[in-house]
file structure_17.pdb (PDB, C-alpha atoms, pLDDT in the B column)
ATOM      1  CA  MET N 676      12.242  39.891 -29.986  1.00 60.00           C
ATOM      2  CA  ALA N 677       9.818  38.836 -32.729  1.00 72.00           C
ATOM      3  CA  LYS N 678       6.153  39.506 -32.109  1.00 84.00           C
ATOM      4  CA  PHE N 679       4.211  36.385 -31.207  1.00 89.00           C
ATOM      5  CA  ILE N 680       1.491  35.520 -33.705  1.00 90.00           C
ATOM      6  CA  PHE N 681      -1.242  33.188 -32.458  1.00 91.00           C
ATOM      7  CA  THR N 682      -2.279  31.319 -35.604  1.00 92.00           C
ATOM      8  CA  GLN N 683      -5.504  29.422 -36.245  1.00 92.00           C
ATOM      9  CA  GLN N 684      -3.553  26.151 -36.117  1.00 93.00           C
ATOM     10  CA  MET N 685      -2.209  27.083 -32.701  1.00 92.00           C
ATOM     11  CA  TYR N 686      -5.680  28.072 -31.529  1.00 92.00           C
ATOM     12  CA  ASP N 687      -7.238  24.793 -32.672  1.00 91.00           C
ATOM     13  CA  TYR N 688      -4.504  22.737 -31.031  1.00 91.00           C
ATOM     14  CA  ALA N 689      -4.516  24.680 -27.743  1.00 90.00           C
ATOM     15  CA  THR N 690      -8.298  24.612 -27.347  1.00 89.00           C
ATOM     16  CA  SER N 691      -8.477  20.891 -28.083  1.00 87.00           C
ATOM     17  CA  LEU N 692      -6.000  20.255 -25.266  1.00 86.00           C
ATOM     18  CA  TYR N 693      -7.426  22.751 -22.788  1.00 83.00           C
ATOM     19  CA  SER N 694     -10.855  21.184 -22.982  1.00 76.00           C
ATOM     20  CA  THR N 695      -9.603  18.111 -21.136  1.00 75.00           C
ATOM     21  CA  MET N 696      -6.514  19.151 -19.181  1.00 78.00           C
ATOM     22  CA  SER N 697      -5.102  21.947 -17.053  1.00 80.00           C
ATOM     23  CA  ILE N 698      -3.599  25.128 -18.508  1.00 84.00           C
ATOM     24  CA  SER N 699      -0.150  24.092 -17.278  1.00 85.00           C
ATOM     25  CA  GLU N 700      -0.279  20.766 -19.101  1.00 85.00           C
ATOM     26  CA  THR N 701      -1.761  22.452 -22.179  1.00 89.00           C
ATOM     27  CA  THR N 702       1.020  25.053 -22.267  1.00 91.00           C
ATOM     28  CA  LYS N 703       3.714  22.418 -21.873  1.00 91.00           C
ATOM     29  CA  LEU N 704       2.480  20.417 -24.874  1.00 92.00           C
ATOM     30  CA  PHE N 705       1.803  23.598 -26.873  1.00 93.00           C
ATOM     31  CA  ASN N 706       5.383  24.865 -26.444  1.00 93.00           C
ATOM     32  CA  LYS N 707       6.774  21.459 -27.339  1.00 93.00           C
ATOM     33  CA  LYS N 708       4.772  21.265 -30.575  1.00 92.00           C
ATOM     34  CA  PHE N 709       5.359  24.817 -31.821  1.00 93.00           C
ATOM     35  CA  GLY N 710       8.798  25.503 -30.282  1.00 92.00           C
ATOM     36  CA  THR N 711       7.507  28.487 -28.277  1.00 92.00           C
ATOM     37  CA  ASP N 712       8.072  29.612 -24.689  1.00 92.00           C
ATOM     38  CA  ARG N 713       4.595  30.819 -23.723  1.00 92.00           C
ATOM     39  CA  GLU N 714       3.603  31.078 -20.064  1.00 92.00           C
ATOM     40  CA  PRO N 715       0.281  29.488 -19.013  1.00 90.00           C
ATOM     41  CA  GLN N 716      -1.310  32.867 -18.387  1.00 91.00           C
ATOM     42  CA  GLN N 717      -0.190  34.143 -21.793  1.00 92.00           C
ATOM     43  CA  LEU N 718      -1.625  31.133 -23.603  1.00 91.00           C
ATOM     44  CA  ARG N 719      -4.899  31.423 -21.701  1.00 89.00           C
ATOM     45  CA  SER N 720      -5.114  35.101 -22.731  1.00 91.00           C
ATOM     46  CA  ASN N 721      -4.486  34.172 -26.389  1.00 92.00           C
ATOM     47  CA  MET N 722      -7.369  31.715 -26.366  1.00 90.00           C
ATOM     48  CA  LYS N 723      -9.730  34.063 -24.532  1.00 90.00           C
ATOM     49  CA  ALA N 724      -8.927  36.864 -26.977  1.00 90.00           C
ATOM     50  CA  ARG N 725     -10.419  34.666 -29.707  1.00 87.00           C
ATOM     51  CA  GLY N 726     -13.541  34.040 -27.644  1.00 85.00           C
ATOM     52  CA  PHE N 727     -12.725  30.577 -26.319  1.00 84.00           C
ATOM     53  CA  ARG N 728     -14.507  29.494 -23.107  1.00 79.00           C
ATOM     54  CA  ASN N 729     -13.950  25.994 -21.778  1.00 71.00           C
ATOM     55  CA  GLY N 730     -17.138  25.984 -19.676  1.00 66.00           C
ATOM     56  CA  ARG N 731     -15.448  24.427 -16.609  1.00 65.00           C
ATOM     57  CA  THR N 732     -15.820  25.807 -13.083  1.00 61.00           C
ATOM     58  CA  THR N 733     -12.678  26.971 -11.294  1.00 56.00           C
ATOM     59  CA  GLY N 734     -10.609  24.012 -10.132  1.00 54.00           C
ATOM     60  CA  GLU N 735     -12.815  21.426 -11.817  1.00 55.00           C
ATOM     61  CA  ILE N 736     -10.046  19.961 -13.962  1.00 53.00           C
ATOM     62  CA  MET N 737      -7.842  19.469 -10.877  1.00 52.00           C
ATOM     63  CA  LYS N 738     -10.573  18.034  -8.657  1.00 55.00           C
ATOM     64  CA  GLY N 739      -9.312  14.835  -7.038  1.00 53.00           C
ATOM     65  CA  VAL N 740      -5.779  15.386  -8.355  1.00 55.00           C
ATOM     66  CA  SER N 741      -3.073  15.562  -5.684  1.00 61.00           C
ATOM     67  CA  LYS N 742      -0.205  18.027  -5.907  1.00 63.00           C
ATOM     68  CA  LEU N 743       1.707  15.999  -3.321  1.00 77.00           C
ATOM     69  CA  PHE N 744       1.331  12.396  -4.483  1.00 81.00           C
ATOM     70  CA  SER N 745       1.671  10.839  -7.914  1.00 81.00           C
ATOM     71  CA  SER N 746      -1.080   8.673  -9.376  1.00 81.00           C
ATOM     72  CA  GLU N 747       1.037   5.551  -8.666  1.00 87.00           C
ATOM     73  CA  GLN N 748       1.463   6.553  -5.030  1.00 86.00           C
ATOM     74  CA  ILE N 749      -2.256   7.244  -4.656  1.00 86.00           C
ATOM     75  CA  GLN N 750      -3.135   3.832  -6.063  1.00 88.00           C
ATOM     76  CA  PHE N 751      -0.613   2.221  -3.718  1.00 90.00           C
ATOM     77  CA  MET N 752      -2.339   3.880  -0.743  1.00 88.00           C
ATOM     78  CA  LYS N 753      -5.771   2.731  -1.897  1.00 87.00           C
ATOM     79  CA  ASP N 754      -4.543  -0.845  -2.351  1.00 89.00           C
ATOM     80  CA  ASN N 755      -2.674  -1.148   0.937  1.00 88.00           C
ATOM     81  CA  TYR N 756      -4.346   1.129   3.517  1.00 87.00           C
ATOM     82  CA  SER N 757      -6.713  -1.558   4.764  1.00 83.00           C
ATOM     83  CA  LYS N 758      -3.871  -4.032   5.263  1.00 84.00           C
ATOM     84  CA  LEU N 759      -1.135  -1.834   6.701  1.00 84.00           C
ATOM     85  CA  GLY N 760      -2.776   0.933   8.718  1.00 84.00           C
ATOM     86  CA  ARG N 761      -1.436   4.478   8.909  1.00 85.00           C
ATOM     87  CA  LYS N 762       2.097   3.894  10.193  1.00 89.00           C
ATOM     88  CA  GLY N 763       2.616   0.743   8.152  1.00 89.00           C
ATOM     89  CA  LEU N 764       1.347   2.471   5.008  1.00 90.00           C
ATOM     90  CA  THR N 765       3.681   5.425   5.554  1.00 91.00           C
ATOM     91  CA  ASP N 766       6.707   3.156   5.974  1.00 92.00           C
ATOM     92  CA  ALA N 767       5.784   1.000   2.982  1.00 92.00           C
ATOM     93  CA  LEU N 768       5.101   3.987   0.697  1.00 89.00           C
ATOM     94  CA  ASN N 769       8.423   5.659   1.548  1.00 90.00           C
ATOM     95  CA  ALA N 770      10.291   2.384   1.072  1.00 91.00           C
ATOM     96  CA  LYS N 771       8.704   1.655  -2.322  1.00 87.00           C
ATOM     97  CA  PHE N 772       9.020   5.140  -3.824  1.00 86.00           C
ATOM     98  CA  ASN N 773      12.150   6.283  -1.946  1.00 87.00           C
ATOM     99  CA  THR N 774      10.285   9.232  -0.416  1.00 86.00           C
ATOM    100  CA  GLU N 775      10.141  10.840   3.030  1.00 88.00           C
ATOM    101  CA  PHE N 776       6.426  11.484   3.544  1.00 88.00           C
ATOM    102  CA  LYS N 777       5.266  12.073   7.100  1.00 90.00           C
ATOM    103  CA  GLN N 778       2.491   9.994   8.607  1.00 91.00           C
ATOM    104  CA  SER N 779       0.416  13.183   9.026  1.00 90.00           C
ATOM    105  CA  GLN N 780       0.562  13.741   5.241  1.00 88.00           C
ATOM    106  CA  ILE N 781      -0.678  10.208   4.584  1.00 87.00           C
ATOM    107  CA  VAL N 782      -3.450  10.566   7.165  1.00 88.00           C
ATOM    108  CA  GLY N 783      -4.512  13.916   5.731  1.00 87.00           C
ATOM    109  CA  TYR N 784      -4.787  12.529   2.205  1.00 86.00           C
ATOM    110  CA  VAL N 785      -6.746   9.379   3.082  1.00 85.00           C
ATOM    111  CA  LYS N 786      -9.153  11.406   5.251  1.00 85.00           C
ATOM    112  CA  ASN N 787      -9.720  14.189   2.717  1.00 83.00           C
ATOM    113  CA  ASN N 788     -10.272  11.695  -0.075  1.00 81.00           C
ATOM    114  CA  LYS N 789     -12.375   9.306   2.019  1.00 79.00           C
ATOM    115  CA  ILE N 790     -10.149   6.283   1.490  1.00 81.00           C
ATOM    116  CA  ASN N 791     -11.697   3.748   3.842  1.00 78.00           C
ATOM    117  CA  SER N 792      -9.539   1.229   5.666  1.00 73.00           C
ATOM    118  CA  GLY N 793     -12.547  -1.017   6.236  1.00 69.00           C
ATOM    119  CA  ARG N 794     -11.710  -1.267   9.959  1.00 68.00           C
ATOM    120  CA  THR N 795     -14.465  -0.277  12.408  1.00 64.00           C
ATOM    121  CA  GLY N 796     -13.040  -1.561  15.688  1.00 66.00           C
ATOM    122  CA  HIS N 797     -16.113  -3.789  16.110  1.00 70.00           C
ATOM    123  CA  TYR N 798     -16.239  -7.552  16.128  1.00 67.00           C
ATOM    124  CA  LYS N 799     -17.633  -8.943  12.913  1.00 69.00           C
ATOM    125  CA  LYS N 800     -20.747 -11.034  13.167  1.00 75.00           C
ATOM    126  CA  GLY N 801     -19.812 -14.639  13.799  1.00 74.00           C
ATOM    127  CA  VAL N 802     -16.283 -13.853  15.054  1.00 73.00           C
ATOM    128  CA  PRO N 803     -15.960 -14.984  18.711  1.00 75.00           C
ATOM    129  CA  SER N 804     -14.717 -12.555  21.373  1.00 72.00           C
ATOM    130  CA  TRP N 805     -11.192 -13.056  22.709  1.00 67.00           C
ATOM    131  CA  SER N 806     -12.671 -13.679  26.176  1.00 71.00           C
ATOM    132  CA  LYS N 807     -15.089 -16.394  25.073  1.00 73.00           C
ATOM    133  CA  GLY N 808     -14.648 -19.503  27.211  1.00 69.00           C
ATOM    134  CA  THR N 809     -12.634 -17.748  29.921  1.00 68.00           C
ATOM    135  CA  LYS N 810     -15.435 -17.501  32.478  1.00 66.00           C
ATOM    136  CA  GLY N 811     -14.013 -18.425  35.844  1.00 61.00           C
ATOM    137  CA  VAL N 812     -10.441 -18.222  34.540  1.00 62.00           C
ATOM    138  CA  LEU N 813      -9.869 -14.488  34.933  1.00 60.00           C
ATOM    139  CA  LYS N 814      -9.857 -14.294  38.705  1.00 64.00           C
ATOM    140  CA  ALA N 815      -8.570 -11.685  41.112  1.00 64.00           C
ATOM    141  CA  ASN N 816      -4.815 -11.626  41.546  1.00 65.00           C
ATOM    142  CA  SER N 817      -2.603 -10.458  44.412  1.00 63.00           C
ATOM    143  CA  GLY N 818      -2.857  -6.852  43.224  1.00 64.00           C
ATOM    144  CA  SER N 819      -6.657  -6.751  42.962  1.00 66.00           C
ATOM    145  CA  PHE N 820      -8.644  -4.653  45.438  1.00 64.00           C
ATOM    146  CA  LYS N 821     -10.929  -6.544  47.745  1.00 69.00           C
ATOM    147  CA  LYS N 822     -14.232  -5.274  49.109  1.00 71.00           C
ATOM    148  CA  GLY N 823     -13.669  -3.031  52.104  1.00 65.00           C
ATOM    149  CA  LEU N 824      -9.946  -2.638  51.433  1.00 66.00           C
ATOM    150  CA  VAL N 825      -8.705   0.945  51.835  1.00 63.00           C
ATOM    151  CA  PRO N 826      -6.011   2.034  49.326  1.00 64.00           C
ATOM    152  CA  HIS N 827      -2.641   2.825  50.893  1.00 62.00           C
ATOM    153  CA  ASN N 828      -2.610   6.384  49.525  1.00 66.00           C
ATOM    154  CA  VAL N 829      -5.938   7.457  51.086  1.00 71.00           C
ATOM    155  CA  LYS N 830      -5.367  10.370  53.468  1.00 76.00           C
ATOM    156  CA  SER N 831      -6.736  10.085  56.985  1.00 78.00           C
ATOM    157  CA  VAL N 832      -9.267  12.516  58.471  1.00 80.00           C
ATOM    158  CA  GLY N 833      -7.522  15.660  59.665  1.00 79.00           C
ATOM    159  CA  SER N 834      -4.773  15.471  57.032  1.00 86.00           C
ATOM    160  CA  GLU N 835      -3.818  18.825  55.517  1.00 88.00           C
ATOM    161  CA  ARG N 836      -2.490  19.977  52.167  1.00 88.00           C
ATOM    162  CA  VAL N 837      -1.847  23.280  50.398  1.00 88.00           C
ATOM    163  CA  SER N 838      -3.757  23.870  47.157  1.00 86.00           C
ATOM    164  CA  VAL N 839      -2.247  25.350  44.010  1.00 85.00           C
ATOM    165  CA  ASP N 840      -3.818  28.687  45.033  1.00 86.00           C
ATOM    166  CA  GLY N 841      -1.980  28.673  48.359  1.00 88.00           C
ATOM    167  CA  TYR N 842      -4.942  27.799  50.614  1.00 90.00           C
ATOM    168  CA  VAL N 843      -4.703  25.133  53.330  1.00 91.00           C
ATOM    169  CA  GLU N 844      -7.223  22.334  52.865  1.00 91.00           C
ATOM    170  CA  ILE N 845      -8.191  19.726  55.443  1.00 90.00           C
ATOM    171  CA  LYS N 846      -9.714  16.250  55.090  1.00 87.00           C
ATOM    172  CA  VAL N 847     -13.071  16.111  56.880  1.00 82.00           C
ATOM    173  CA  LYS N 848     -14.790  12.995  58.221  1.00 77.00           C
ATOM    174  CA  GLY N 849     -17.650  11.695  56.121  1.00 67.00           C
ATOM    175  CA  SER N 850     -16.553  13.540  53.005  1.00 61.00           C
ATOM    176  CA  LYS N 851     -14.305  12.506  50.137  1.00 71.00           C
ATOM    177  CA  ALA N 852     -13.686  16.153  49.311  1.00 78.00           C
ATOM    178  CA  TRP N 853     -11.274  18.491  51.025  1.00 84.00           C
ATOM    179  CA  LYS N 854     -12.498  21.686  52.703  1.00 88.00           C
ATOM    180  CA  LEU N 855     -10.796  25.036  53.227  1.00 91.00           C
ATOM    181  CA  LYS N 856      -9.305  25.137  56.716  1.00 91.00           C
ATOM    182  CA  HIS N 857      -9.816  28.871  57.246  1.00 92.00           C
ATOM    183  CA  ARG N 858     -13.568  28.495  56.708  1.00 92.00           C
ATOM    184  CA  ILE N 859     -13.701  25.659  59.231  1.00 91.00           C
ATOM    185  CA  ILE N 860     -11.802  27.760  61.778  1.00 92.00           C
ATOM    186  CA  TYR N 861     -14.102  30.724  61.234  1.00 93.00           C
ATOM    187  CA  GLU N 862     -17.202  28.579  61.860  1.00 92.00           C
ATOM    188  CA  GLN N 863     -15.626  27.129  65.001  1.00 92.00           C
ATOM    189  CA  HIS N 864     -15.067  30.596  66.482  1.00 93.00           C
ATOM    190  CA  PHE N 865     -17.886  32.688  64.967  1.00 92.00           C
ATOM    191  CA  ASP N 866     -20.949  31.839  62.856  1.00 89.00           C
ATOM    192  CA  LYS N 867     -22.074  29.203  60.387  1.00 91.00           C
ATOM    193  CA  LEU N 868     -21.115  30.247  56.863  1.00 91.00           C
ATOM    194  CA  CYS N 869     -23.383  30.382  53.832  1.00 89.00           C
ATOM    195  CA  PRO N 870     -22.127  29.366  50.360  1.00 85.00           C
ATOM    196  CA  GLY N 871     -21.991  33.048  49.322  1.00 87.00           C
ATOM    197  CA  ASP N 872     -19.826  34.135  52.252  1.00 92.00           C
ATOM    198  CA  VAL N 873     -16.160  34.893  51.597  1.00 92.00           C
ATOM    199  CA  ILE N 874     -13.477  34.701  54.286  1.00 93.00           C
ATOM    200  CA  ARG N 875     -10.533  37.053  53.794  1.00 93.00           C
ATOM    201  CA  PHE N 876      -7.193  37.315  55.568  1.00 92.00           C
ATOM    202  CA  LYS N 877      -6.555  40.752  57.040  1.00 90.00           C
ATOM    203  CA  ASP N 878      -2.775  40.496  56.572  1.00 90.00           C
ATOM    204  CA  ASP N 879      -3.160  38.720  53.178  1.00 88.00           C
ATOM    205  CA  ASN N 880      -1.264  35.710  54.557  1.00 90.00           C
ATOM    206  CA  ARG N 881      -3.268  32.619  53.630  1.00 88.00           C
ATOM    207  CA  LEU N 882      -1.366  30.525  56.148  1.00 90.00           C
ATOM    208  CA  ASN N 883      -2.216  32.809  59.089  1.00 91.00           C
ATOM    209  CA  MET N 884      -5.522  31.355  60.231  1.00 89.00           C
ATOM    210  CA  ALA N 885      -5.710  33.020  63.635  1.00 93.00           C
ATOM    211  CA  PRO N 886      -9.405  33.885  64.227  1.00 92.00           C
ATOM    212  CA  SER N 887      -8.484  37.564  64.677  1.00 92.00           C
ATOM    213  CA  ASN N 888      -6.994  37.549  61.151  1.00 92.00           C
ATOM    214  CA  LEU N 889     -10.197  36.356  59.469  1.00 93.00           C
ATOM    215  CA  ILE N 890     -13.095  38.546  58.319  1.00 93.00           C
ATOM    216  CA  LYS N 891     -16.350  37.538  56.657  1.00 93.00           C
ATOM    217  CA  VAL N 892     -17.590  39.567  53.667  1.00 92.00           C
ATOM    218  CA  SER N 893     -20.187  39.104  50.956  1.00 91.00           C
ATOM    219  CA  ARG N 894     -19.150  38.409  47.376  1.00 92.00           C
ATOM    220  CA  ALA N 895     -20.046  41.996  46.458  1.00 91.00           C
ATOM    221  CA  GLU N 896     -17.904  43.369  49.300  1.00 92.00           C
ATOM    222  CA  HIS N 897     -15.117  40.999  48.281  1.00 91.00           C
ATOM    223  CA  HIS N 898     -15.294  42.463  44.769  1.00 92.00           C
ATOM    224  CA  PHE N 899     -15.026  46.067  45.994  1.00 92.00           C
ATOM    225  CA  LEU N 900     -12.206  45.216  48.425  1.00 90.00           C
ATOM    226  CA  ASN N 901     -10.203  43.926  45.470  1.00 91.00           C
ATOM    227  CA  ARG N 902     -10.889  47.129  43.534  1.00 91.00           C
ATOM    228  CA  LEU N 903      -9.783  49.198  46.536  1.00 90.00           C
ATOM    229  CA  GLY N 904      -6.472  47.349  46.769  1.00 90.00           C
ATOM    230  CA  TYR N 905      -7.262  45.823  50.159  1.00 90.00           C
ATOM    231  CA  SER N 906      -4.591  43.102  49.996  1.00 87.00           C
ATOM    232  CA  LYS N 907      -1.685  45.534  49.519  1.00 87.00           C
ATOM    233  CA  ALA N 908      -3.017  48.324  51.752  1.00 89.00           C
ATOM    234  CA  ASP N 909      -1.423  49.238  55.079  1.00 90.00           C
ATOM    235  CA  ILE N 910      -2.952  47.310  57.983  1.00 88.00           C
ATOM    236  CA  SER N 911      -4.047  50.575  59.625  1.00 89.00           C
ATOM    237  CA  LEU N 912      -6.184  51.475  56.574  1.00 91.00           C
ATOM    238  CA  LYS N 913      -7.939  48.122  56.216  1.00 89.00           C
ATOM    239  CA  PRO N 914     -10.817  48.792  58.663  1.00 91.00           C
ATOM    240  CA  THR N 915     -11.675  51.924  56.646  1.00 94.00           C
ATOM    241  CA  LEU N 916     -11.514  50.000  53.379  1.00 91.00           C
ATOM    242  CA  GLU N 917     -13.810  47.328  54.840  1.00 91.00           C
ATOM    243  CA  LEU N 918     -16.426  49.981  55.697  1.00 94.00           C
ATOM    244  CA  LEU N 919     -16.044  51.616  52.297  1.00 93.00           C
ATOM    245  CA  ALA N 920     -16.517  48.246  50.531  1.00 91.00           C
ATOM    246  CA  LYS N 921     -19.722  47.633  52.525  1.00 92.00           C
ATOM    247  CA  LEU N 922     -21.007  51.076  51.507  1.00 93.00           C
ATOM    248  CA  GLN N 923     -20.200  50.533  47.820  1.00 92.00           C
ATOM    249  CA  ALA N 924     -21.766  47.074  47.850  1.00 89.00           C
ATOM    250  CA  LYS N 925     -24.966  48.423  49.416  1.00 90.00           C
ATOM    251  CA  THR N 926     -25.086  51.326  46.947  1.00 91.00           C
ATOM    252  CA  SER N 927     -24.697  48.919  44.051  1.00 88.00           C
ATOM    253  CA  GLU N 928     -27.481  46.720  45.457  1.00 87.00           C
ATOM    254  CA  ILE N 929     -29.882  49.688  45.717  1.00 90.00           C
ATOM    255  CA  LYS N 930     -29.109  50.880  42.164  1.00 85.00           C
ATOM    256  CA  HIS N 931     -29.712  47.386  40.823  1.00 84.00           C
ATOM    257  CA  ALA N 932     -33.046  47.133  42.648  1.00 83.00           C
ATOM    258  CA  GLU N 933     -34.189  50.449  41.184  1.00 81.00           C
ATOM    259  CA  THR N 934     -33.517  49.322  37.618  1.00 77.00           C
ATOM    260  CA  VAL N 935     -35.389  46.030  37.950  1.00 62.00           C
TER     261      VAL N 935
END

call {"tool": "encode", "arguments": {"input": "structure_17.pdb", "output": "structure tokens"}}
result
Amino acid sequence: MAKFIFTQQMYDYATSLYSTMSISETTKLFNKKFGTDREPQQLRSNMKARGFRNGRTTGEIMKGVSKLFSSEQIQFMKDNYSKLGRKGLTDALNAKFNTEFKQSQIVGYVKNNKINSGRTGHYKKGVPSWSKGTKGVLKANSGSFKKGLVPHNVKSVGSERVSVDGYVEIKVKGSKAWKLKHRIIYEQHFDKLCPGDVIRFKDDNRLNMAPSNLIKVSRAEHHFLNRLGYSKADISLKPTLELLAKLQAKTSEIKHAETV
């Protein structure tokens, strides 16, 4: 293979092109003129070896140029986006240029290049609202709720349901919310509960709400019971684990107080 010689004529021609276009375009025209097969990187190296610097920042020559759409397609989008919208523009562009662009590609381009549709979703000043002049016309129909009417799907007081966590909930009078049934049962048979109190099931069966199956613990004790494997422990060991959890919770409380 003959050694490539980069002549002054070649240098002058290449640098004149590269000042205004990309290296790929420059190389293409260079090879066509001189009958060579240079790669873009090779031609760039030839020019740099002679001290040529184009002075552009990286990517400057390609700024605003799309690798996906042609200049004709870009102009078509600019001309028709305001009239057609995203889906309509996608369909029209594919039909005109026999392409298969996705709507997401169209949306991405118009957003990144700040092509404005001109639509704001607001009424323009002076344009009347669609409802103007309809006062007294839009009245309640047979399906409209009337004051005091209770929807058919409202559950009555005392109704029960099982939550996604497996707890039974009960509808309480005077409250729109549902409350945990095992907490209600505990209060009925023992003491009033505070928000920080936790009620656990001794046999780990959330549907067994017999008072003898419920125990009250603090959140700290609840934490240590979980660490001790209380739920899966043999029933004969659970009283011991309950005492141990109380001891660990108290120890933790004392240590925390000493560090404050």

call {"tool": "resolve_selection", "arguments": {"input": "structure_17.pdb", "expression": "the PyMOL selection byres ((chain N and resi 694) around 10)", "output": "ChimeraX atom specification"}}
result
/N:689-693,695-698,701,728-731,736

call {"tool": "residues_around", "arguments": {"input": "structure_17.pdb", "residues": "stretch 723-725 of chain N", "least_positions_apart": "5", "cutoff": "10 Å", "atoms": "all atoms listed in the file", "output": "list in words"}}
result
Phe681, Gln683, Tyr686, Thr690, Gln717 and Leu718 of chain N

call {"tool": "atom_distance", "arguments": {"input": "structure_17.pdb", "atom1": "atom CA of N:Asp840", "atom2": "atom CA of N:Ser911"}}
result
26.3 Å

call {"tool": "closest_atom_pairs", "arguments": {"input": "structure_17.pdb", "of": "stretch 908-932 of chain N", "to": "stretch 891-899 of chain N", "cutoff": "9 Å", "atoms": "all atoms listed in the file", "output": "tab-separated table"}}
result
residue	atom	partner	partner_atom	distance
N:Glu917	CA	N:Glu896	CA	7.9
N:Leu919	CA	N:Phe899	CA	8.5
N:Ala920	CA	N:Glu896	CA	5.2
N:Lys921	CA	N:Glu896	CA	5.6
N:Leu922	CA	N:Glu896	CA	8.6
N:Gln923	CA	N:Phe899	CA	7.1
N:Ala924	CA	N:Ala895	CA	5.5
N:Lys925	CA	N:Ala895	CA	8.6
N:Ser927	CA	N:Ala895	CA	8.7
N:Glu928	CA	N:Ala895	CA	8.9

call {"tool": "atom_distance", "arguments": {"input": "structure_17.pdb", "atom1": "atom CA of N:Asn769", "atom2": "atom CA of N:Ser745"}}
result
12.7 Å

call {"tool": "atom_distance", "arguments": {"input": "structure_17.pdb", "atom1": "atom CA of N:Pro914", "atom2": "atom CA of N:Leu868"}}
result
21.3 Å

call {"tool": "residues_around", "arguments": {"input": "structure_17.pdb", "residues": "N:His864", "least_positions_apart": "3", "cutoff": "12 Å", "atoms": "only C-alpha atoms", "output": "PDB file with C-alpha atoms, in the coordinates of the input"}}
result
ATOM      1  CA  HIS N 857      -9.816  28.871  57.246  1.00 92.00           C
ATOM      2  CA  ARG N 858     -13.568  28.495  56.708  1.00 92.00           C
ATOM      3  CA  ILE N 859     -13.701  25.659  59.231  1.00 91.00           C
ATOM      4  CA  ILE N 860     -11.802  27.760  61.778  1.00 92.00           C
ATOM      5  CA  TYR N 861     -14.102  30.724  61.234  1.00 93.00           C
ATOM      6  CA  LYS N 867     -22.074  29.203  60.387  1.00 91.00           C
ATOM      7  CA  LEU N 868     -21.115  30.247  56.863  1.00 91.00           C
ATOM      8  CA  MET N 884      -5.522  31.355  60.231  1.00 89.00           C
ATOM      9  CA  ALA N 885      -5.710  33.020  63.635  1.00 93.00           C
ATOM     10  CA  PRO N 886      -9.405  33.885  64.227  1.00 92.00           C
ATOM     11  CA  SER N 887      -8.484  37.564  64.677  1.00 92.00           C
ATOM     12  CA  ASN N 888      -6.994  37.549  61.151  1.00 92.00           C
ATOM     13  CA  LEU N 889     -10.197  36.356  59.469  1.00 93.00           C
ATOM     14  CA  ILE N 890     -13.095  38.546  58.319  1.00 93.00           C
TER      15      ILE N 890
END
